[in-house]
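S.K.: Okay, here's the structure, questions in a sec.
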Amino acid sequence: MGERPARLGFPVKVMGRPDLKSNDARRSASNPHLRVSLEYLDAILDYLDHHNIHMYRMSSDLAPYATHPDTPQFHSMIQESRSELKAFGDKAKRLDIRLSFHPSQFIVLNSQDTSLVEKSIWDLSSQAEMLDLMELGPEAVLVVHVGGTYGDRKSSAARWVETWHTLPEPVRRRLVLENDDLRFSAADVLWIHEHTGVRLIFDYQHFWCFNPENLALRPTVESFLKTWPHDVRPKIHFSSPRTELRQIKRKSRKTGKNEIVNMAPIWTGHADFCNPFEFSTFMRAVDGLEFDVMLEAKAKDLALIRLRPDLLRYAPDVAARFGLSESQIALLSGAEDEVLETEAEAGA
């Protein structure tokens, strides 16, 4: 595991190639299918390979309507796509691309509504089934949050633990749990790990947004990484917060006239790109620890493609952890030029 460089990845939408679709998004009346989604993803794998990107989060809507209770005609599409799923998984393994799912916010395993929990387990089971049929190893995971607090954080965390013990084996084998930015801190998910053994995903921005226990950064990252088996590389999430001023036009409650309001940033919001100085500072703080990094910037692949030459320019020691060297600066800058313009270029 320690012989290969750390990987950088991004989620779902390919912004450098808007023509590349991440899933079959047609309405049910048009008979969408997982096979169509896999055809789209096959082209995305080629794009990733072209840009030497080795980690990607697939859309949670890959199998459209496969678990919708009102569309039983779609419930068998995963089994109908067995051969296509295996072929896709074979290609991802050949290209050394780490894949994952991050199911939507509607997946809630600690809900007080048992029907919602049952539906959540159904969704997770279908995504675990796809990963299994792709024949992917234990690095291919399903990332979830704890859920709601329902007025009592401790009881809600305990309810997640109760649900864990009812999960089908394929789901428990694939499931990983992430600290969030508003409800369940790093300390909370570490407590859940102690009572379940579930692997944990450290989210850098969430850690700073919600850390009421005042845990220190590096020891917390170390604790998260230790929840993974020694022969499976962990991964973490990284994003920078939005910082820009937003000017919103709205009608004044006092005068009834339109006015421009200056809106401060919300620190839980993701920035379009990753701040290379913040990223490098973090990576140096956790030097010696091994993990892959999923970038959750709003600019998706563009943020990753921009970050790599930035690291070579400003933090070559950090760049080296991702297998990047000074000899690649022209290549990586060229890749950036394919999908992005700098301000100087735009004004030329």
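Residues in the structure tokens are numbered from 1 in each chain, the chains being A, B, ... in the order shown, and ligands are numbered from 1 in the order shown.
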Using DSSP on the backbone coordinates, identify the residues of region 58-283 of chain A assigned to strand (DSSP E or B); present them as a PyMOL selection string.
M.R.: chain A and resi 58+98-101+142-144+175-178+199-203+235-238+241+246-251+258-263+270
S.K.: Write a file of the selected residues as a short mmCIF file (atom, residue, chain, number, x, y, z; two decimals), in the first residue's frame, keeping N, CA and C atoms.
M.R.:
data_model
loop_
_atom_site.label_atom_id
_atom_site.label_comp_id
_atom_site.auth_asym_id
_atom_site.auth_seq_id
_atom_site.Cartn_x
_atom_site.Cartn_y
_atom_site.Cartn_z
N MET A 58 -18.69 8.26 -8.04
CA MET A 58 -19.78 8.08 -8.99
C MET A 58 -21.07 8.70 -8.47
N ARG A 98 -9.69 4.54 -8.37
CA ARG A 98 -10.44 4.21 -7.17
C ARG A 98 -11.84 4.83 -7.26
N LEU A 99 -12.87 4.01 -7.06
CA LEU A 99 -14.25 4.46 -7.21
C LEU A 99 -14.98 4.41 -5.87
N SER A 100 -16.00 5.24 -5.74
CA SER A 100 -16.82 5.24 -4.52
C SER A 100 -18.18 5.83 -4.83
N PHE A 101 -19.08 5.70 -3.86
CA PHE A 101 -20.38 6.36 -3.87
C PHE A 101 -20.48 7.22 -2.61
N LEU A 142 -18.98 3.25 0.43
CA LEU A 142 -20.20 4.06 0.48
C LEU A 142 -20.04 5.04 1.64
N VAL A 143 -19.99 6.32 1.35
CA VAL A 143 -19.77 7.33 2.38
C VAL A 143 -21.11 7.90 2.83
N VAL A 144 -21.35 7.89 4.14
CA VAL A 144 -22.59 8.46 4.66
C VAL A 144 -22.28 9.37 5.85
N LEU A 175 -19.60 0.31 3.99
CA LEU A 175 -20.00 1.59 4.58
C LEU A 175 -18.86 2.26 5.33
N VAL A 176 -18.74 3.58 5.14
CA VAL A 176 -17.82 4.41 5.93
C VAL A 176 -18.59 5.65 6.38
N LEU A 177 -18.17 6.21 7.50
CA LEU A 177 -18.92 7.29 8.15
C LEU A 177 -18.05 8.55 8.23
N GLU A 178 -18.66 9.69 7.92
CA GLU A 178 -17.94 10.97 7.83
C GLU A 178 -18.42 11.93 8.92
N ARG A 199 -15.59 2.08 9.49
CA ARG A 199 -14.47 2.93 9.09
C ARG A 199 -14.91 4.39 9.02
N LEU A 200 -13.96 5.29 9.20
CA LEU A 200 -14.28 6.72 9.25
C LEU A 200 -13.55 7.49 8.17
N ILE A 201 -14.25 8.51 7.66
CA ILE A 201 -13.70 9.46 6.70
C ILE A 201 -13.51 10.80 7.41
N PHE A 202 -12.29 11.30 7.43
CA PHE A 202 -12.03 12.62 8.03
C PHE A 202 -12.30 13.69 6.98
N ASP A 203 -13.19 14.62 7.31
CA ASP A 203 -13.47 15.76 6.44
C ASP A 203 -12.84 17.00 7.05
N LYS A 235 -9.09 7.17 2.94
CA LYS A 235 -9.18 8.42 2.19
C LYS A 235 -9.82 9.47 3.08
N ILE A 236 -9.58 10.71 2.76
CA ILE A 236 -10.15 11.83 3.49
C ILE A 236 -10.82 12.77 2.48
N HIS A 237 -11.59 13.73 2.99
CA HIS A 237 -12.19 14.77 2.16
C HIS A 237 -11.52 16.11 2.47
N PHE A 238 -11.27 16.88 1.43
CA PHE A 238 -10.69 18.21 1.63
C PHE A 238 -11.43 19.21 0.76
N PRO A 241 -13.14 26.75 2.35
CA PRO A 241 -14.42 27.46 2.47
C PRO A 241 -14.54 28.61 1.49
N ARG A 246 -20.87 38.19 -1.49
CA ARG A 246 -21.98 38.06 -2.42
C ARG A 246 -22.87 39.29 -2.30
N GLN A 247 -23.22 39.85 -3.42
CA GLN A 247 -24.12 41.01 -3.43
C GLN A 247 -25.47 40.56 -3.99
N ILE A 248 -26.49 40.65 -3.15
CA ILE A 248 -27.81 40.14 -3.47
C ILE A 248 -28.79 41.30 -3.66
N LYS A 249 -29.54 41.26 -4.76
CA LYS A 249 -30.57 42.28 -4.97
C LYS A 249 -31.88 41.77 -4.38
N ARG A 250 -32.49 42.55 -3.50
CA ARG A 250 -33.76 42.16 -2.91
C ARG A 250 -34.57 43.40 -2.55
N LYS A 251 -35.83 43.19 -2.27
CA LYS A 251 -36.71 44.31 -1.94
C LYS A 251 -36.59 44.64 -0.46
N ASN A 258 -36.06 48.04 -4.39
CA ASN A 258 -34.94 47.11 -4.54
C ASN A 258 -33.67 47.72 -3.98
N GLU A 259 -32.85 46.87 -3.35
CA GLU A 259 -31.58 47.33 -2.81
C GLU A 259 -30.54 46.22 -2.97
N ILE A 260 -29.29 46.61 -2.94
CA ILE A 260 -28.17 45.66 -2.99
C ILE A 260 -27.71 45.40 -1.56
N VAL A 261 -27.70 44.14 -1.17
CA VAL A 261 -27.29 43.75 0.18
C VAL A 261 -25.97 42.99 0.10
N ASN A 262 -25.02 43.38 0.93
CA ASN A 262 -23.74 42.69 1.01
C ASN A 262 -23.87 41.49 1.95
N MET A 263 -23.64 40.28 1.41
CA MET A 263 -23.79 39.04 2.17
C MET A 263 -22.42 38.47 2.50
N HIS A 270 -18.56 25.26 0.28
CA HIS A 270 -17.32 24.88 -0.41
C HIS A 270 -16.93 25.96 -1.41
#
S.K.: Rank A:Thr163, A:Thr220, A:Asn179, A:Ser115 by their smallest atom-to-atom distance to Pro69 (chain A), using only C-alpha atoms, and report the top residue only.
M.R.: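 For Pro69 (chain A), the nearest of the candidates is A:Ser115.
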S.K.: Identify, on the basis of only C-alpha atoms, every residue whose closest approach to Val318 (chain A) does not exceed 8 Å; exclude the query and any residue fewer than 2 positions from it along the same chain; express the result as a PDB file with all heavy atoms, in the first residue's frame.
M.R.:
ATOM      1  N   SER A 280      -1.544  22.712   1.457  1.00  0.00           N
ATOM      2  CA  SER A 280      -0.158  22.347   1.776  1.00  0.00           C
ATOM      3  C   SER A 280       0.094  22.393   3.276  1.00  0.00           C
ATOM      4  O   SER A 280       0.804  21.534   3.824  1.00  0.00           O
ATOM      5  CB  SER A 280       0.806  23.292   1.054  1.00  0.00           C
ATOM      6  OG  SER A 280       0.632  23.206  -0.345  1.00  0.00           O
ATOM      7  N   MET A 283      -1.400  19.229   4.689  1.00  0.00           N
ATOM      8  CA  MET A 283      -0.626  18.036   4.350  1.00  0.00           C
ATOM      9  C   MET A 283       0.685  17.978   5.131  1.00  0.00           C
ATOM     10  O   MET A 283       1.142  16.890   5.506  1.00  0.00           O
ATOM     11  CB  MET A 283      -0.359  18.000   2.848  1.00  0.00           C
ATOM     12  CG  MET A 283      -1.599  17.770   1.995  1.00  0.00           C
ATOM     13  SD  MET A 283      -2.460  16.203   2.334  1.00  0.00           S
ATOM     14  CE  MET A 283      -1.217  15.020   1.850  1.00  0.00           C
ATOM     15  N   ARG A 284       1.280  19.119   5.401  1.00  0.00           N
ATOM     16  CA  ARG A 284       2.504  19.122   6.209  1.00  0.00           C
ATOM     17  C   ARG A 284       2.206  18.802   7.667  1.00  0.00           C
ATOM     18  O   ARG A 284       3.013  18.174   8.353  1.00  0.00           O
ATOM     19  CB  ARG A 284       3.201  20.474   6.083  1.00  0.00           C
ATOM     20  CG  ARG A 284       3.866  20.676   4.725  1.00  0.00           C
ATOM     21  CD  ARG A 284       4.277  22.104   4.484  1.00  0.00           C
ATOM     22  NE  ARG A 284       4.967  22.261   3.200  1.00  0.00           N
ATOM     23  CZ  ARG A 284       5.042  23.402   2.523  1.00  0.00           C
ATOM     24  NH1 ARG A 284       4.445  24.502   3.014  1.00  0.00           N
ATOM     25  NH2 ARG A 284       5.685  23.460   1.380  1.00  0.00           N
ATOM     26  N   LEU A 311       0.683  22.999  -6.552  1.00  0.00           N
ATOM     27  CA  LEU A 311       1.516  22.322  -5.556  1.00  0.00           C
ATOM     28  C   LEU A 311       2.968  22.278  -6.005  1.00  0.00           C
ATOM     29  O   LEU A 311       3.890  22.461  -5.195  1.00  0.00           O
ATOM     30  CB  LEU A 311       0.998  20.906  -5.294  1.00  0.00           C
ATOM     31  CG  LEU A 311      -0.353  20.798  -4.601  1.00  0.00           C
ATOM     32  CD1 LEU A 311      -0.761  19.332  -4.454  1.00  0.00           C
ATOM     33  CD2 LEU A 311      -0.331  21.482  -3.234  1.00  0.00           C
ATOM     34  N   ALA A 315       4.606  24.187  -3.261  1.00  0.00           N
ATOM     35  CA  ALA A 315       4.882  23.195  -2.219  1.00  0.00           C
ATOM     36  C   ALA A 315       5.342  21.879  -2.853  1.00  0.00           C
ATOM     37  O   ALA A 315       4.637  20.872  -2.807  1.00  0.00           O
ATOM     38  CB  ALA A 315       3.637  22.966  -1.363  1.00  0.00           C
ATOM     39  N   PRO A 316       6.516  21.875  -3.454  1.00  0.00           N
ATOM     40  CA  PRO A 316       6.978  20.659  -4.141  1.00  0.00           C
ATOM     41  C   PRO A 316       7.108  19.449  -3.219  1.00  0.00           C
ATOM     42  O   PRO A 316       6.965  18.316  -3.671  1.00  0.00           O
ATOM     43  CB  PRO A 316       8.335  21.065  -4.727  1.00  0.00           C
ATOM     44  CG  PRO A 316       8.721  22.325  -4.024  1.00  0.00           C
ATOM     45  CD  PRO A 316       7.463  22.991  -3.626  1.00  0.00           C
ATOM     46  N   ALA A 320       5.162  15.933  -4.110  1.00  0.00           N
ATOM     47  CA  ALA A 320       5.841  14.641  -4.221  1.00  0.00           C
ATOM     48  C   ALA A 320       5.020  13.520  -3.609  1.00  0.00           C
ATOM     49  O   ALA A 320       5.097  12.369  -4.054  1.00  0.00           O
ATOM     50  CB  ALA A 320       7.210  14.723  -3.552  1.00  0.00           C
ATOM     51  N   ARG A 321       4.206  13.828  -2.605  1.00  0.00           N
ATOM     52  CA  ARG A 321       3.369  12.795  -1.989  1.00  0.00           C
ATOM     53  C   ARG A 321       2.343  12.251  -2.971  1.00  0.00           C
ATOM     54  O   ARG A 321       1.850  11.132  -2.810  1.00  0.00           O
ATOM     55  CB  ARG A 321       2.658  13.347  -0.751  1.00  0.00           C
ATOM     56  CG  ARG A 321       3.595  13.676   0.396  1.00  0.00           C
ATOM     57  CD  ARG A 321       2.847  14.094   1.640  1.00  0.00           C
ATOM     58  NE  ARG A 321       1.945  13.067   2.147  1.00  0.00           N
ATOM     59  CZ  ARG A 321       1.297  13.163   3.308  1.00  0.00           C
ATOM     60  NH1 ARG A 321       1.465  14.241   4.064  1.00  0.00           N
ATOM     61  NH2 ARG A 321       0.489  12.200   3.709  1.00  0.00           N
ATOM     62  N   PHE A 322       2.016  13.037  -3.992  1.00  0.00           N
ATOM     63  CA  PHE A 322       1.045  12.629  -4.995  1.00  0.00           C
ATOM     64  C   PHE A 322       1.732  12.183  -6.292  1.00  0.00           C
ATOM     65  O   PHE A 322       1.085  12.108  -7.345  1.00  0.00           O
ATOM     66  CB  PHE A 322       0.059  13.761  -5.258  1.00  0.00           C
ATOM     67  CG  PHE A 322      -0.759  14.115  -4.045  1.00  0.00           C
ATOM     68  CD1 PHE A 322      -0.352  15.134  -3.189  1.00  0.00           C
ATOM     69  CD2 PHE A 322      -1.909  13.400  -3.735  1.00  0.00           C
ATOM     70  CE1 PHE A 322      -1.078  15.438  -2.043  1.00  0.00           C
ATOM     71  CE2 PHE A 322      -2.643  13.704  -2.598  1.00  0.00           C
ATOM     72  CZ  PHE A 322      -2.231  14.710  -1.748  1.00  0.00           C
TER      73      PHE A 322
END
S.K.: I'd like the contact shell of Tyr150 (chain A) - 10 Å cut-off, only C-alpha atoms, skipping same-chain residues fewer than 5 positions apart - returned as a list in words.
M.R.: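 The contact residues come out as Asn110, Ser111, Gln112, Ser155 and Ser156 of chain A.
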S.K.: Include C-alpha atoms and write out the residues we just selected as a PDB file, in the first residue's frame.
M.R.:
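Output (selection.pdb):
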ATOM      1  CA  ASN A 110     -30.647   7.098  12.550  1.00  0.00           C
ATOM      2  CA  SER A 111     -34.092   8.407  11.658  1.00  0.00           C
ATOM      3  CA  GLN A 112     -36.945   7.978  14.113  1.00  0.00           C
ATOM      4  CA  SER A 155     -29.424   9.353  21.532  1.00  0.00           C
ATOM      5  CA  SER A 156     -29.310   9.914  17.787  1.00  0.00           C
TER       6      SER A 156
END
S.K.: Could you pull the residues within 9 Å of Leu62 (chain A), counting only C-alpha atoms, minus those fewer than 6 positions along the same chain, as a short mmCIF file (atom, residue, chain, number, x, y, z; two decimals) with N, CA, C and O atoms, in the first residue's frame?
M.R.:
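Below is the file around-v6.cif, written as the result:
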data_model
loop_
_atom_site.label_atom_id
_atom_site.label_comp_id
_atom_site.auth_asym_id
_atom_site.auth_seq_id
_atom_site.Cartn_x
_atom_site.Cartn_y
_atom_site.Cartn_z
N SER A 22 -22.82 12.11 -16.17
CA SER A 22 -22.44 11.23 -15.06
C SER A 22 -23.46 10.12 -14.80
O SER A 22 -23.16 9.16 -14.09
N ASN A 23 -24.66 10.24 -15.35
CA ASN A 23 -25.69 9.21 -15.16
C ASN A 23 -26.84 9.46 -16.12
O ASN A 23 -26.98 10.56 -16.68
N ASP A 24 -27.65 8.45 -16.32
CA ASP A 24 -28.84 8.56 -17.16
C ASP A 24 -29.92 9.29 -16.35
O ASP A 24 -30.51 8.73 -15.43
N ALA A 25 -30.15 10.55 -16.68
CA ALA A 25 -31.05 11.39 -15.89
C ALA A 25 -32.43 11.54 -16.52
O ALA A 25 -33.21 12.40 -16.11
N HIS A 33 -31.80 3.68 -17.79
CA HIS A 33 -31.26 2.39 -17.35
C HIS A 33 -29.81 2.53 -16.89
O HIS A 33 -29.08 3.40 -17.36
N LEU A 34 -29.45 1.66 -15.98
CA LEU A 34 -28.07 1.60 -15.49
C LEU A 34 -27.09 1.36 -16.62
O LEU A 34 -25.98 1.91 -16.60
N SER A 37 -26.13 4.63 -18.00
CA SER A 37 -25.22 5.32 -17.09
C SER A 37 -23.80 4.78 -17.21
O SER A 37 -22.82 5.54 -17.19
N LEU A 38 -23.66 3.47 -17.32
CA LEU A 38 -22.33 2.86 -17.41
C LEU A 38 -21.64 3.24 -18.72
O LEU A 38 -20.40 3.39 -18.75
N GLN A 127 -26.39 0.11 -3.95
CA GLN A 127 -25.09 0.65 -4.33
C GLN A 127 -23.96 -0.31 -3.95
O GLN A 127 -22.99 -0.46 -4.69
#
